[in-house]
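A short write-up of the structure that comes next.
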Amino acid sequence: MCTRAQFEHSNEIGVFAKLTNKYCLVGVGGSENFYSVFESELGGHVPVVHTSIAGTRIIGRMCCGNKNGLLVPMTTTDQELLHLRNALPEGVVIQRVEERLSALGNCIVTNDHVAFVHTDLDRETEEIAADVLGVEVFRQTVAGNVLVGSYCSVSNQGALVHPKTPIEDQDELAQLLQVPVVAGTINRGSDVIGAGLVVNDWCAFCGSDTTATEVQVIESVFKLGDAQPSAVAGSMRDILLDQLA
């Protein structure tokens with residue numbers, strides 16, 4: 001099931017939320033409507049944690065995580081770290097990372113098995129990511145963009161990437177992830193997939209501007225609800241033709 005939402009009139013909900021199979025983080029100070037969308041879908045399954053990171057609400061861009069762990073930048077305050085440690089489920093490791101590229105959500109994208117990272121990320125950060133998140137780490141670009149966290153969204157079921165990602169690159173990413181990879185858009189034609197979409201293995205949330213066709217593609221590639229992956233090809237062809245027109 002893919003649900004549309006807005007954070008204070010912004011459709012970039014991937015900027016203000018982080019969703020994994022074990023927990024969901026949402027930025028503080030949003031409307032009750034925004035939180036209720038998450039809580040109604042995730043209610044009994046995973047905790048929805050209201051937090052800030054480094055005093056900001058753009059938590060989706062500042063941290064990255066999966067069911068095993070959560071990486072936050074060095075600018076995260078002790079109070080925020082303590083709040084997260086208390087609120088997250090047992091077994092989720094939280095680690096502060098000393099990294100020049102501190103918007104970790106833009107530079108790292110991960111599911112529970114594989115992570116793609118910015119090509120200039122510190123070697124030490126790469127090792128910490130592999131250790132804390134329990135994943136294999138690959139330095140990658142998406143459609144020539146080094147900000148892998150901004151231009152793609154991945155789960156254990158599938159991946160949605162920048163619409164101009166060449167077929168060969170999609171095949172390479174699919175090989176590394178071992179899940180289907182589809183190029184597409186979010187929020188009525190936006191190519192910044194990571195900012196407009198958060199997804200785990202059973203549900204997704206996207207910006208309110210996302211079209212019905214885009215929702216259909218999301219539900220197909222991430223195998224959400226009744227959507228069948230075979231529907232992807234036709235829908236994607238329509239979207240790409242609309243874009244090129």
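By convention in this document, the chains of the structure tokens carry letters A, B, ... by their order, each chain's residues are numbered from 1, and ligands are numbered from 1 in the order they are shown.
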
Give the strand (DSSP E) residues of segment 15-51 of chain A, as assigned by DSSP on the backbone, as a PyMOL selection string.
chain A and resi 17-19+24-27+48-51

Env of Thr119 of chain A: 9 Å cut, atoms = only C-alpha atoms, seq-sep filter 6 positions within chain, self excluded. Answer as a tab-separated table (two decimals) with N, CA and C atoms, in the first residue's frame.
```tsv
chain	number	residue	atom	x	y	z
A	107	CYS	N	23.78	10.68	1.06
A	107	CYS	CA	25.02	10.02	0.61
A	107	CYS	C	24.98	8.50	0.71
A	138	PHE	N	28.75	-0.73	-1.44
A	138	PHE	CA	29.30	-0.47	-2.77
A	138	PHE	C	29.29	1.03	-3.04
A	139	ARG	N	30.40	1.55	-3.56
A	139	ARG	CA	30.44	2.96	-3.99
A	139	ARG	C	29.81	3.03	-5.37
A	140	GLN	N	28.76	3.84	-5.50
A	140	GLN	CA	27.97	3.86	-6.74
A	140	GLN	C	27.54	5.27	-7.09
A	141	THR	N	27.14	5.46	-8.35
A	141	THR	CA	26.42	6.67	-8.74
A	141	THR	C	25.08	6.23	-9.33
A	146	VAL	N	26.28	11.52	-7.69
A	146	VAL	CA	26.94	10.86	-6.56
A	146	VAL	C	26.03	10.77	-5.33
A	147	LEU	N	24.98	11.60	-5.29
A	147	LEU	CA	24.07	11.59	-4.13
A	147	LEU	C	23.07	10.43	-4.27
```

Would you pick out the contacts of segment 173-182 of chain A at 12 Å or less, using only C-alpha atoms, so that residues sharing its chain but fewer than 2 positions from it are not included, and give the list as a ChimeraX atom specification?
/A:109-116,135-143,148,152-171,184-185,193,214,217-223,229-237,239-240

Hey, can you check how far atom CA of Val199 of chain A sits from atom CA of His50 of chain A?
17.7 Å

Segment 79-85 of chain A environment, 12 Å, only C-alpha atoms, sequence neighbours closer than 4 positions dropped, as number ranges by chain:
A: 23-28, 47-57, 59, 63, 69-75, 89-96

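Taking atom CA of Asn187 of chain A as the reference point, atom CA of Ser102 of chain A is found at 25.9 Å.
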
Go through A:Ala5, A:Ala195, A:Val15, A:Ala87 one by one, measure the shortest atom-to-atom distance of each to Val37 of chain A using only C-alpha atoms, and give the residue with the smallest value.
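Looking at the shortest contact to Val37 of chain A, the residue is A:Ala5.
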
Ranking A:Ile186, A:Ile13, A:Leu42, A:Leu121 by minimum distance to Gly30 of chain A and counting only C-alpha atoms, which one comes first?
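Closest to Gly30 of chain A of all the choices is A:Ile13.
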
As an exercise, work out the distance from atom CA of Gly225 of chain A to atom CA of Cys203 of chain A in Å and give it to one decimal place.
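Rounded to one decimal, the two atoms are 8.2 Å apart.
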